[in-house]
$ cat target-v1.txt   # compact mmCIF, C-alpha atoms
# COMPACT_ATOMS: atom_id res chain seq x y z
CA MET A 14 119.60 125.49 75.03
CA VAL A 15 120.74 126.52 78.51
CA GLU A 16 122.39 129.93 78.83
CA ARG A 17 125.36 130.04 81.17
CA LEU A 18 125.80 133.11 83.33
CA ASP A 19 128.38 134.63 80.99
CA ALA A 20 126.45 133.90 77.79
CA VAL A 21 124.70 136.44 75.60
CA GLN A 22 121.02 136.32 76.48
CA PRO A 23 118.51 135.37 73.79
CA VAL A 24 115.59 137.67 73.08
CA TYR A 25 111.99 136.51 72.76
CA PRO A 26 110.02 139.68 72.00
CA LEU A 27 106.25 139.75 72.26
CA PRO A 28 103.97 141.74 69.98
CA ARG A 29 101.98 144.52 71.57
CA ILE A 30 99.41 143.03 73.94
CA GLU A 31 96.50 144.38 71.90
CA GLN A 32 97.79 142.32 68.96
CA ILE A 33 97.66 139.05 70.93
CA PRO A 34 94.35 137.20 70.65
CA ASP A 35 92.11 137.36 73.72
CA ASP A 36 89.25 135.16 72.60
CA GLU A 37 86.75 132.89 74.30
CA ILE A 38 89.40 130.19 74.76
CA ASP A 39 91.52 132.70 76.66
CA ARG A 40 88.83 133.09 79.34
CA PRO A 41 88.50 130.78 82.34
CA GLU A 42 85.43 128.65 82.95
CA ALA A 43 83.85 130.23 86.01
CA SER A 44 83.05 126.91 87.65
CA ASN A 45 86.68 125.76 87.50
CA GLN A 46 88.42 128.56 89.37
CA ILE A 47 91.28 127.34 91.57
CA THR A 48 91.14 129.02 94.96
CA THR A 49 92.65 126.35 97.22
CA CYS A 50 95.99 127.10 98.88
CA PHE A 51 98.30 124.93 100.96
CA ASP A 52 100.25 127.08 103.38
CA GLU A 53 101.28 130.05 101.21
CA LEU A 54 101.24 128.39 97.79
CA PRO A 55 98.26 127.68 95.53
CA ALA A 56 97.28 124.02 95.18
CA VAL A 57 98.38 124.16 91.53
CA VAL A 58 101.67 125.79 90.52
CA PHE A 59 102.47 126.58 86.90
CA GLY A 60 105.59 124.64 85.84
CA ALA A 61 107.38 126.80 83.29
CA ALA A 62 109.90 124.16 82.22
CA SER A 63 107.37 123.86 79.40
CA PHE A 64 108.82 127.11 78.04
CA SER A 65 111.95 125.29 76.91
CA ALA A 66 113.29 122.80 74.39
CA PHE A 67 112.85 120.02 76.94
CA TYR A 68 109.14 119.94 76.11
CA ASN A 69 108.43 122.23 73.16
CA THR A 70 109.84 123.41 69.86
CA ASP A 71 111.43 126.80 69.41
CA ASN A 72 108.50 127.77 67.18
CA HIS A 73 106.16 127.09 70.09
CA ILE A 74 108.11 128.94 72.76
CA SER A 75 108.77 131.85 70.36
CA SER A 76 105.06 132.25 69.69
CA THR A 77 102.37 133.88 71.82
CA LYS A 78 101.25 130.50 73.17
CA PRO A 79 103.31 130.75 76.39
CA PHE A 80 101.93 134.25 77.01
CA ARG A 81 98.35 133.10 76.53
CA ALA A 82 98.87 130.07 78.78
CA THR A 83 100.35 132.33 81.47
CA ARG A 84 97.49 134.82 81.23
CA LEU A 85 94.81 132.13 81.37
CA ALA A 86 96.49 130.44 84.33
CA LEU A 87 96.44 133.70 86.29
CA ARG A 88 92.80 134.20 85.38
CA TYR A 89 92.05 130.75 86.78
CA GLY A 90 93.89 131.48 90.03
CA ILE A 91 97.08 129.58 89.23
CA ASN A 92 99.21 132.38 90.60
CA ALA A 93 102.60 130.82 91.31
CA PHE A 94 105.21 130.00 88.66
CA ASP A 95 108.14 127.59 88.91
CA THR A 96 111.09 128.13 86.59
CA SER A 97 114.89 127.77 86.50
CA PRO A 98 117.98 128.98 84.62
CA TYR A 99 118.43 125.33 83.63
CA TYR A 100 115.18 125.50 81.65
CA GLY A 101 116.79 127.42 78.81
CA PRO A 102 114.80 130.57 77.98
CA SER A 103 112.01 129.80 80.46
CA GLU A 104 112.77 132.70 82.81
CA ILE A 105 112.99 135.11 79.86
CA ILE A 106 109.72 133.99 78.28
CA LEU A 107 107.88 133.92 81.60
CA GLY A 108 109.27 137.31 82.57
CA ASN A 109 108.21 138.86 79.27
CA ALA A 110 104.69 137.49 79.68
CA LEU A 111 104.32 138.72 83.24
CA LYS A 112 105.74 142.14 82.35
CA ALA A 113 103.19 142.48 79.53
CA LEU A 114 100.41 141.49 81.95
CA GLU A 115 101.37 143.84 84.77
CA SER A 116 98.33 146.09 84.35
CA GLU A 117 96.00 143.10 84.77
CA PHE A 118 98.18 141.17 87.21
CA PRO A 119 100.63 143.29 89.25
CA ARG A 120 103.68 141.66 90.85
CA SER A 121 101.90 141.36 94.20
CA SER A 122 99.27 139.07 92.66
CA TYR A 123 101.56 136.11 91.96
CA GLN A 124 104.58 134.25 93.31
CA LEU A 125 107.83 133.55 91.49
CA ILE A 126 109.82 130.41 92.21
CA THR A 127 113.17 129.82 90.56
CA LYS A 128 116.39 127.94 91.19
CA CYS A 129 120.13 128.41 91.21
CA GLY A 130 123.25 126.33 90.85
CA ARG A 131 122.50 124.30 87.72
CA PHE A 132 123.06 125.47 84.16
CA GLY A 133 123.59 122.21 82.26
CA SER A 134 124.22 118.48 82.50
CA THR A 135 127.93 118.20 83.32
CA ARG A 136 129.78 118.85 86.57
CA ALA A 137 131.21 122.02 85.05
CA ASP A 138 127.66 123.27 84.51
CA PHE A 139 127.01 123.56 88.26
CA ASP A 140 128.04 126.63 90.23
CA LEU A 141 127.07 126.63 93.89
CA THR A 142 129.67 129.18 94.96
CA TRP A 143 128.58 132.34 96.77
CA ALA A 144 129.48 134.42 93.71
CA GLY A 145 127.65 132.02 91.40
CA VAL A 146 124.51 132.00 93.54
CA ARG A 147 124.42 135.78 93.79
CA ALA A 148 125.00 136.18 90.04
CA SER A 149 122.31 133.62 89.21
CA VAL A 150 119.76 135.31 91.46
CA ALA A 151 120.63 138.73 90.02
CA ARG A 152 120.09 137.45 86.50
CA SER A 153 116.79 135.84 87.47
CA LEU A 154 115.59 139.11 88.98
CA SER A 155 116.42 140.91 85.74
CA ARG A 156 114.81 138.28 83.52
CA LEU A 157 111.65 138.17 85.61
CA TYR A 158 111.34 141.97 86.00
CA THR A 159 111.19 141.87 89.77
CA ASP A 160 113.17 142.99 92.81
CA TYR A 161 112.42 139.91 94.90
CA LEU A 162 111.84 136.19 94.45
CA ASP A 163 109.34 134.28 96.55
CA VAL A 164 111.30 131.01 96.52
CA VAL A 165 114.76 130.05 95.33
CA TYR A 166 115.83 126.40 95.40
CA VAL A 167 119.33 125.04 95.09
CA HIS A 168 118.62 123.02 91.97
CA ASP A 169 119.10 119.23 91.76
CA VAL A 170 121.28 118.89 94.85
CA GLU A 171 121.68 115.13 94.28
CA PHE A 172 124.21 115.86 91.53
CA ILE A 173 126.51 117.61 94.00
CA ALA A 174 125.74 116.22 97.48
CA ASP A 175 127.81 113.24 98.58
CA VAL A 176 126.15 109.90 97.89
CA ARG A 177 124.96 107.90 100.87
CA ALA A 178 122.69 105.09 99.73
CA PRO A 179 122.82 101.30 99.49
CA ARG A 180 121.53 101.60 95.92
CA THR A 181 120.72 104.41 93.55
CA VAL A 182 117.79 102.84 91.73
CA GLY A 183 114.63 101.03 92.79
CA ASN A 184 112.27 101.41 95.74
CA HIS A 185 113.70 103.61 98.49
CA LEU A 186 110.97 103.29 101.13
CA SER A 187 113.38 101.30 103.33
CA ALA A 188 115.22 104.60 103.87
CA LEU A 189 112.44 105.38 106.33
CA GLY A 190 112.81 102.05 108.14
CA SER A 191 115.20 99.13 108.04
CA GLU A 192 117.91 100.87 105.97
CA ARG A 193 117.88 104.32 107.55
CA GLU A 194 121.53 104.10 108.51
CA ALA A 195 122.60 103.01 105.04
CA TYR A 196 120.92 106.15 103.66
CA GLY A 197 122.46 108.39 106.33
CA LEU A 198 119.12 108.96 108.03
CA LYS A 199 119.65 107.62 111.55
CA GLU A 200 119.39 110.20 114.32
CA HIS A 201 123.14 110.08 115.11
CA GLN A 202 123.91 110.91 111.47
CA ALA A 203 121.83 114.09 111.38
CA ASP A 204 124.78 116.50 111.50
CA GLN A 205 127.27 114.44 109.48
CA VAL A 206 128.75 116.34 106.56
CA LEU A 207 129.92 113.54 104.30
CA GLY A 208 132.35 115.47 102.15
CA GLU A 209 132.98 118.35 99.79
CA GLY A 210 129.68 117.84 97.97
CA ASP A 211 127.63 118.34 101.13
CA GLN A 212 129.76 121.36 102.01
CA GLU A 213 129.11 122.85 98.57
CA VAL A 214 125.35 122.50 98.98
CA LEU A 215 125.50 124.02 102.47
CA GLY A 216 127.51 126.92 101.07
CA ALA A 217 124.87 127.63 98.42
CA ILE A 218 122.16 127.60 101.08
CA ALA A 219 124.18 130.03 103.17
CA ALA A 220 124.50 132.33 100.15
CA LEU A 221 120.74 132.24 99.58
CA ARG A 222 120.10 132.96 103.24
CA GLU A 223 122.27 136.06 103.00
CA LEU A 224 120.03 137.23 100.15
CA GLN A 225 117.01 136.28 102.26
CA GLU A 226 118.19 138.56 105.04
CA ARG A 227 118.31 141.40 102.51
CA GLY A 228 114.73 140.72 101.37
CA ILE A 229 115.74 139.62 97.87
CA VAL A 230 114.75 135.99 98.45
CA ARG A 231 111.78 135.21 100.67
CA LYS A 232 112.10 131.43 101.01
CA VAL A 233 115.13 129.19 100.64
CA GLY A 234 114.94 125.53 99.72
CA ILE A 235 116.34 122.61 97.78
CA SER A 236 114.92 120.66 94.86
CA GLY A 237 115.73 117.38 93.17
CA TYR A 238 114.65 113.85 92.42
CA PRO A 239 115.73 111.27 95.07
CA LEU A 240 113.66 111.61 98.22
CA PRO A 241 116.22 110.04 100.60
CA THR A 242 118.91 112.50 99.48
CA LEU A 243 116.59 115.48 99.78
CA LEU A 244 115.57 114.33 103.26
CA ARG A 245 119.18 113.79 104.37
CA ILE A 246 120.24 117.24 103.18
CA ALA A 247 117.18 118.92 104.73
CA VAL A 248 117.95 117.25 108.07
CA LEU A 249 121.64 118.17 107.69
CA VAL A 250 120.77 121.84 107.13
CA LEU A 251 118.64 121.87 110.28
CA HIS A 252 121.30 120.27 112.45
CA THR A 253 124.34 122.15 111.13
CA THR A 254 122.78 125.62 110.96
CA GLY A 255 120.11 125.40 113.65
CA LYS A 256 117.50 126.59 111.18
CA PRO A 257 115.26 124.51 108.89
CA LEU A 258 114.89 125.04 105.21
CA ASP A 259 111.69 126.84 104.26
CA ILE A 260 110.67 124.46 101.48
CA VAL A 261 111.69 121.35 99.51
CA MET A 262 110.47 120.16 96.12
CA SER A 263 110.75 116.65 94.67
CA TYR A 264 109.50 115.59 91.27
CA SER A 265 108.04 112.39 89.81
CA HIS A 266 107.25 110.81 93.17
CA LEU A 267 103.50 111.42 93.43
CA ASN A 268 101.95 109.82 90.38
CA LEU A 269 100.41 106.61 89.07
CA GLN A 270 103.78 104.87 88.76
CA ASN A 271 105.55 106.17 91.87
CA ARG A 272 103.68 107.19 95.02
CA THR A 273 106.54 107.28 97.54
CA PHE A 274 106.21 111.03 98.20
CA GLU A 275 103.23 110.16 100.41
CA ALA A 276 105.41 108.13 102.78
CA PHE A 277 108.31 110.60 102.84
CA LYS A 278 106.38 113.83 103.43
CA PRO A 279 105.81 113.25 107.19
CA ALA A 280 109.56 112.70 107.65
CA PHE A 281 110.33 116.04 106.02
CA LEU A 282 107.90 117.80 108.35
CA GLU A 283 108.91 115.98 111.53
CA ARG A 284 112.65 115.35 111.13
CA ALA A 285 113.65 118.34 108.99
CA LYS A 286 111.03 120.69 110.53
CA LEU A 287 109.95 121.92 107.12
CA LYS A 288 106.84 124.01 106.72
CA GLN A 289 106.21 122.95 103.12
CA VAL A 290 107.05 120.10 100.78
CA VAL A 291 106.07 120.43 97.12
CA SER A 292 105.42 117.69 94.57
CA ALA A 293 106.23 118.32 90.94
CA SER A 294 105.47 116.60 87.66
CA PRO A 295 102.26 114.57 87.94
CA PHE A 296 103.02 113.22 84.46
CA SER A 297 106.53 112.27 85.64
CA MET A 298 108.28 114.57 83.13
CA GLY A 299 106.10 113.27 80.31
CA LEU A 300 106.59 109.58 81.11
CA LEU A 301 102.83 109.25 81.73
CA SER A 302 101.89 110.93 78.47
CA PRO A 303 101.14 109.39 75.06
CA LYS A 304 104.61 110.34 73.75
CA PRO A 305 107.30 110.39 76.46
CA PRO A 306 110.32 112.53 75.53
CA ALA A 307 113.27 110.63 74.07
CA TRP A 308 115.60 111.97 76.76
CA HIS A 309 113.51 110.64 79.66
CA PRO A 310 115.79 109.06 82.31
CA ALA A 311 113.43 106.24 83.36
CA SER A 312 114.71 102.70 82.97
CA ASP A 313 113.69 100.66 79.95
CA GLU A 314 111.65 98.44 82.28
CA ILE A 315 109.59 101.39 83.48
CA LYS A 316 109.16 102.82 79.97
CA VAL A 317 108.00 99.47 78.59
CA ALA A 318 105.56 98.96 81.46
CA VAL A 319 104.08 102.44 80.96
CA ALA A 320 103.67 101.85 77.23
CA LYS A 321 101.92 98.54 77.95
CA ALA A 322 99.67 100.22 80.50
CA PHE A 323 98.66 102.86 77.92
CA ALA A 324 97.85 100.19 75.36
CA MET A 325 95.94 98.08 77.89
CA HIS A 326 93.87 101.05 79.06
CA ASN A 327 93.08 102.25 75.55
CA GLU A 328 92.01 98.78 74.51
CA ARG A 329 89.80 98.47 77.58
CA ILE A 330 87.94 101.73 77.08
CA GLY A 331 87.74 101.59 73.26
CA GLU A 332 87.52 104.44 70.75
CA GLY A 333 85.01 107.19 71.39
CA SER A 334 84.63 106.21 75.03
CA ILE A 335 83.67 108.82 77.62
CA SER A 336 85.97 107.05 80.09
CA PRO A 337 89.00 109.05 81.23
CA THR A 338 92.17 108.86 79.17
CA ILE A 339 95.28 107.64 80.94
CA SER A 340 96.61 111.21 80.97
CA GLU A 341 93.43 112.36 82.72
CA LEU A 342 93.80 109.49 85.16
CA ALA A 343 97.42 110.41 85.84
CA LEU A 344 96.60 114.05 86.56
CA GLY A 345 93.47 113.25 88.54
CA TYR A 346 95.31 110.69 90.66
CA ALA A 347 98.17 113.08 91.41
CA PHE A 348 95.78 115.91 92.27
CA GLY A 349 93.73 113.61 94.49
CA GLN A 350 96.72 112.41 96.47
CA ALA A 351 98.11 115.95 96.72
CA LEU A 352 94.75 117.17 98.02
CA LYS A 353 94.79 114.51 100.74
CA ALA A 354 98.38 115.40 101.64
CA GLN A 355 97.70 119.17 101.47
CA THR A 356 100.60 119.48 99.04
CA PRO A 357 101.00 121.90 96.12
CA THR A 358 101.50 120.31 92.71
CA VAL A 359 103.77 121.81 90.06
CA ILE A 360 102.48 120.92 86.59
CA GLY A 361 103.96 121.88 83.25
CA LEU A 362 101.52 123.84 81.10
CA SER A 363 102.24 124.69 77.47
CA SER A 364 99.01 126.06 76.06
CA VAL A 365 95.58 127.40 76.91
CA GLU A 366 94.21 123.92 76.23
CA ASP A 367 96.54 122.51 78.89
CA VAL A 368 95.44 125.16 81.37
CA HIS A 369 91.74 124.51 80.79
CA ALA A 370 92.24 120.74 81.18
CA CYS A 371 94.26 121.24 84.36
CA ALA A 372 91.62 123.49 85.95
CA ARG A 373 88.80 121.15 84.91
CA ILE A 374 90.43 118.06 86.40
CA TRP A 375 91.38 119.89 89.59
CA GLN A 376 87.76 120.93 90.04
CA GLN A 377 86.54 117.39 89.34
CA VAL A 378 88.91 116.02 91.96
CA GLN A 379 88.10 118.65 94.55
CA SER A 380 84.35 118.26 94.07
CA GLY A 381 84.47 114.46 93.83
CA ASN A 382 82.81 114.70 90.43
CA LEU A 383 85.14 112.35 88.55
CA LYS A 384 84.24 110.42 85.44
CA ALA A 385 82.53 107.06 85.92
CA GLY A 386 84.85 104.16 86.66
CA TRP A 387 87.76 106.43 87.62
CA GLU A 388 88.90 104.44 90.66
CA THR A 389 88.52 101.13 88.83
CA HIS A 390 90.79 102.32 86.04
CA VAL A 391 93.39 103.64 88.52
CA GLU A 392 93.40 100.35 90.41
CA ALA A 393 93.86 98.39 87.18
CA ILE A 394 96.86 100.49 86.16
CA THR A 395 98.58 100.41 89.56
CA ARG A 396 98.00 96.64 89.82
CA PHE A 397 99.59 96.27 86.39
CA PHE A 398 102.61 98.35 87.45
CA GLU A 399 102.92 96.19 90.55
CA ALA A 400 102.80 93.01 88.48
CA GLU A 401 105.51 94.43 86.22
CA ASN A 402 107.66 95.24 89.29
CA VAL A 403 107.84 98.97 88.53
CA LEU A 404 105.33 100.37 91.02
CA ASP A 405 107.08 102.85 93.35
CA GLU A 406 110.38 102.22 91.56
CA SER A 407 112.67 105.21 91.07
CA TRP A 408 115.12 105.46 88.22
CA GLU A 409 118.87 105.93 88.62
CA ASN A 410 119.83 108.76 90.94
CA PRO A 411 122.16 111.07 89.00
CA SER A 412 125.36 112.16 90.70
CA PHE A 413 128.86 113.40 89.95
CA SER A 414 130.15 112.50 93.45
$ encode --input "target-v1.txt" --output "structure tokens"
Amino acid sequence: MVERLDAVQPVYPLPRIEQIPDDEIDRPEASNQITTCFDELPAVVFGAASFSAFYNTDNHISSTKPFRATRLALRYGINAFDTSPYYGPSEIILGNALKALESEFPRSSYQLITKCGRFGSTRADFDLTWAGVRASVARSLSRLYTDYLDVVYVHDVEFIADVRAPRTVGNHLSALGSEREAYGLKEHQADQVLGEGDQEVLGAIAALRELQERGIVRKVGISGYPLPTLLRIAVLVLHTTGKPLDIVMSYSHLNLQNRTFEAFKPAFLERAKLKQVVSASPFSMGLLSPKPPAWHPASDEIKVAVAKAFAMHNERIGEGSISPTISELALGYAFGQALKAQTPTVIGLSSVEDVHACARIWQQVQSGNLKAGWETHVEAITRFFEAENVLDESWENPSFS
């Protein structure tokens, strides 16, 4: 459940830290430490949307499992956390864990990334006003037990920004070429504010920049799904304010099914003058997992193709095989492409088992020590997605405009 700004805040108390298990499984494997950074962020960022009903039961998020996952991640060197008011109690649970860990990991040892503007799934659940932005940031500071935030994104700007696209579903790579004008991405369109939606997003960015000047927010950015919209808004911010955004995050565009982030990243750096672009969700919000969530927004065509790919891969490797699972392939592929692009990856982590697996696969990718047949399996899956006409296809862009 998402808590609006005026709602009573839920409480998720932790037992005393000495009562929480700290066993062998809570210790990192020394050979799998994550020390790589891209610009000022670690290569792997802890996605704390996992601390919500989107991905876990209330029993899970009310337990000590989120605390133990957070502690182990920090011990591995995963020292940046991405959360949002939209992720229900995520900020509260993360804040409680970090507060309990402050003697082992002081505030200066990690980065906090959160968002503002979105509190639910209807138009009324968005508040990008100056007052709303300030109130959201103030609540995040309180929940996370901090007096500053390293990054704040305006969350899911595609819901509010005016729509400029020849289509809202499918492959959008033509936005970088033959259909640039149709997407609002020609040079002469760089400073065009399309309507009230664009103005609302610009207003939220201005509010965050005021907080940035006061030292409360260190970096200001936008986040969302559709790459063309994110690029258009980032370019618009540069040309209407004279100052680039500090950072942009897109999700579900650097994975086995959709790789278009790779093509768009140079445009963000060159046209929008960004210093950093972040990729989130290597499992595409659970789409590339054995049991995708029922609420997943992907088209039926994409969901069916992914299910077929899972079945095909499992049949090919057989039971008891030492070959990588499709989930391992998905994470390894995303990490490998992110490493080439020098791009941080935000990955949702729910448990200590998730954290260990994440660190192990990152190390395998970085060292080139992948399981036998890795590339062959990846090629087979991407060829299958291409044959099913879902490779690099994006699902419907949400919008209220």
$ closest_residue --input "target-v1.txt" --among "A:Ser265, A:Arg284, A:Gly130, A:Pro279" --to "His309 (chain A)" --atoms "all atoms listed in the file"
A:Ser265
$ residues_around --input "target-v1.txt" --residues "His185 (chain A)" --least-positions-apart "3" --cutoff "12 Å" --atoms "only C-alpha atoms" --output "PDB file with C-alpha atoms, in the frame of the given file"
ATOM      1  CA  ALA A 178     122.690 105.090  99.730  1.00  0.00           C
ATOM      2  CA  PRO A 179     122.820 101.300  99.490  1.00  0.00           C
ATOM      3  CA  ARG A 180     121.530 101.600  95.920  1.00  0.00           C
ATOM      4  CA  THR A 181     120.720 104.410  93.550  1.00  0.00           C
ATOM      5  CA  VAL A 182     117.790 102.840  91.730  1.00  0.00           C
ATOM      6  CA  ALA A 188     115.220 104.600 103.870  1.00  0.00           C
ATOM      7  CA  LEU A 189     112.440 105.380 106.330  1.00  0.00           C
ATOM      8  CA  GLY A 190     112.810 102.050 108.140  1.00  0.00           C
ATOM      9  CA  SER A 191     115.200  99.130 108.040  1.00  0.00           C
ATOM     10  CA  GLU A 192     117.910 100.870 105.970  1.00  0.00           C
ATOM     11  CA  ARG A 193     117.880 104.320 107.550  1.00  0.00           C
ATOM     12  CA  ALA A 195     122.600 103.010 105.040  1.00  0.00           C
ATOM     13  CA  TYR A 196     120.920 106.150 103.660  1.00  0.00           C
ATOM     14  CA  TYR A 238     114.650 113.850  92.420  1.00  0.00           C
ATOM     15  CA  PRO A 239     115.730 111.270  95.070  1.00  0.00           C
ATOM     16  CA  LEU A 240     113.660 111.610  98.220  1.00  0.00           C
ATOM     17  CA  PRO A 241     116.220 110.040 100.600  1.00  0.00           C
ATOM     18  CA  THR A 242     118.910 112.500  99.480  1.00  0.00           C
ATOM     19  CA  LEU A 244     115.570 114.330 103.260  1.00  0.00           C
ATOM     20  CA  HIS A 266     107.250 110.810  93.170  1.00  0.00           C
ATOM     21  CA  ASN A 271     105.550 106.170  91.870  1.00  0.00           C
ATOM     22  CA  ARG A 272     103.680 107.190  95.020  1.00  0.00           C
ATOM     23  CA  THR A 273     106.540 107.280  97.540  1.00  0.00           C
ATOM     24  CA  PHE A 274     106.210 111.030  98.200  1.00  0.00           C
ATOM     25  CA  ALA A 276     105.410 108.130 102.780  1.00  0.00           C
ATOM     26  CA  PHE A 277     108.310 110.600 102.840  1.00  0.00           C
ATOM     27  CA  LEU A 404     105.330 100.370  91.020  1.00  0.00           C
ATOM     28  CA  ASP A 405     107.080 102.850  93.350  1.00  0.00           C
ATOM     29  CA  GLU A 406     110.380 102.220  91.560  1.00  0.00           C
ATOM     30  CA  SER A 407     112.670 105.210  91.070  1.00  0.00           C
ATOM     31  CA  TRP A 408     115.120 105.460  88.220  1.00  0.00           C
ATOM     32  CA  GLU A 409     118.870 105.930  88.620  1.00  0.00           C
ATOM     33  CA  ASN A 410     119.830 108.760  90.940  1.00  0.00           C
TER      34      ASN A 410
END
$ axis_aligned_box --input "target-v1.txt" --around "region 117-134 of chain A" --padding-each-side "4 Å" --output "lines of an AutoDock Vina configuration file"
center_x = 110.1
center_y = 130.9
center_z = 88.2
size_x = 36.2
size_y = 32.8
size_z = 19.9
$ atom_distance --input "target-v1.txt" --atom1 "CA of His201 (chain A)" --atom2 "CA of Glu283 (chain A)"
15.8 Å
$ closest_residue --input "target-v1.txt" --among "A:Ala66, A:Val164, A:Leu300, A:Ile33" --to "Leu258 (chain A)" --atoms "only C-alpha atoms"
A:Val164
$ closest_residue --input "target-v1.txt" --among "A:Ile91, A:Ser121, A:Glu53, A:Ser155" --to "Val291 (chain A)" --atoms "only C-alpha atoms"
A:Glu53
$ closest_residue --input "target-v1.txt" --among "A:Tyr25, A:Tyr264, A:Tyr89, A:Phe398" --to "Trp375 (chain A)" --atoms "only C-alpha atoms"
A:Tyr89
$ residues_near_point --input "target-v1.txt" --point "(106.2, 113.4, 83.1)" --cutoff "12 Å" --atoms "all atoms listed in the file" --output "PyMOL selection string"
chain A and resi 60+62-63+67-68+264-271+293-311+316+319+340+343-344+347+359-362
$ write_last_selection --input "target-v1.txt" --atoms "C-alpha atoms" --output "PDB file, in the frame of the given file"
ATOM      1  CA  GLY A  60     105.590 124.640  85.840  1.00  0.00           C
ATOM      2  CA  ALA A  62     109.900 124.160  82.220  1.00  0.00           C
ATOM      3  CA  SER A  63     107.370 123.860  79.400  1.00  0.00           C
ATOM      4  CA  PHE A  67     112.850 120.020  76.940  1.00  0.00           C
ATOM      5  CA  TYR A  68     109.140 119.940  76.110  1.00  0.00           C
ATOM      6  CA  TYR A 264     109.500 115.590  91.270  1.00  0.00           C
ATOM      7  CA  SER A 265     108.040 112.390  89.810  1.00  0.00           C
ATOM      8  CA  HIS A 266     107.250 110.810  93.170  1.00  0.00           C
ATOM      9  CA  LEU A 267     103.500 111.420  93.430  1.00  0.00           C
ATOM     10  CA  ASN A 268     101.950 109.820  90.380  1.00  0.00           C
ATOM     11  CA  LEU A 269     100.410 106.610  89.070  1.00  0.00           C
ATOM     12  CA  GLN A 270     103.780 104.870  88.760  1.00  0.00           C
ATOM     13  CA  ASN A 271     105.550 106.170  91.870  1.00  0.00           C
ATOM     14  CA  ALA A 293     106.230 118.320  90.940  1.00  0.00           C
ATOM     15  CA  SER A 294     105.470 116.600  87.660  1.00  0.00           C
ATOM     16  CA  PRO A 295     102.260 114.570  87.940  1.00  0.00           C
ATOM     17  CA  PHE A 296     103.020 113.220  84.460  1.00  0.00           C
ATOM     18  CA  SER A 297     106.530 112.270  85.640  1.00  0.00           C
ATOM     19  CA  MET A 298     108.280 114.570  83.130  1.00  0.00           C
ATOM     20  CA  GLY A 299     106.100 113.270  80.310  1.00  0.00           C
ATOM     21  CA  LEU A 300     106.590 109.580  81.110  1.00  0.00           C
ATOM     22  CA  LEU A 301     102.830 109.250  81.730  1.00  0.00           C
ATOM     23  CA  SER A 302     101.890 110.930  78.470  1.00  0.00           C
ATOM     24  CA  PRO A 303     101.140 109.390  75.060  1.00  0.00           C
ATOM     25  CA  LYS A 304     104.610 110.340  73.750  1.00  0.00           C
ATOM     26  CA  PRO A 305     107.300 110.390  76.460  1.00  0.00           C
ATOM     27  CA  PRO A 306     110.320 112.530  75.530  1.00  0.00           C
ATOM     28  CA  ALA A 307     113.270 110.630  74.070  1.00  0.00           C
ATOM     29  CA  TRP A 308     115.600 111.970  76.760  1.00  0.00           C
ATOM     30  CA  HIS A 309     113.510 110.640  79.660  1.00  0.00           C
ATOM     31  CA  PRO A 310     115.790 109.060  82.310  1.00  0.00           C
ATOM     32  CA  ALA A 311     113.430 106.240  83.360  1.00  0.00           C
ATOM     33  CA  LYS A 316     109.160 102.820  79.970  1.00  0.00           C
ATOM     34  CA  VAL A 319     104.080 102.440  80.960  1.00  0.00           C
ATOM     35  CA  SER A 340      96.610 111.210  80.970  1.00  0.00           C
ATOM     36  CA  ALA A 343      97.420 110.410  85.840  1.00  0.00           C
ATOM     37  CA  LEU A 344      96.600 114.050  86.560  1.00  0.00           C
ATOM     38  CA  ALA A 347      98.170 113.080  91.410  1.00  0.00           C
ATOM     39  CA  VAL A 359     103.770 121.810  90.060  1.00  0.00           C
ATOM     40  CA  ILE A 360     102.480 120.920  86.590  1.00  0.00           C
ATOM     41  CA  GLY A 361     103.960 121.880  83.250  1.00  0.00           C
ATOM     42  CA  LEU A 362     101.520 123.840  81.100  1.00  0.00           C
TER      43      LEU A 362
END
$ closest_residue --input "target-v1.txt" --among "A:Val214, A:Ala113, A:Val233, A:Ile246" --to "Pro28 (chain A)" --atoms "all atoms listed in the file"
A:Ala113
$ atom_distance --input "target-v1.txt" --atom1 "CA of Gly381 (chain A)" --atom2 "CA of Thr338 (chain A)"
17.5 Å
$ atom_distance --input "target-v1.txt" --atom1 "CA of Asp160 (chain A)" --atom2 "CA of Thr83 (chain A)"
20.2 Å
$ residues_around --input "target-v1.txt" --residues "Ile374 (chain A)" --least-positions-apart "5" --cutoff "10 Å" --atoms "all atoms listed in the file" --output "list of chain:residue names"
A:Asn45, A:Glu341, A:Leu342, A:Leu344, A:Gly345, A:Tyr346, A:Phe348, A:Gly349, A:His369, A:Gln379, A:Ser380, A:Asn382, A:Leu383, A:Lys384
$ closest_residue --input "target-v1.txt" --among "A:Gly210, A:Gly228, A:Gly108, A:Gly145" --to "Tyr161 (chain A)" --atoms "all atoms listed in the file"
A:Gly228
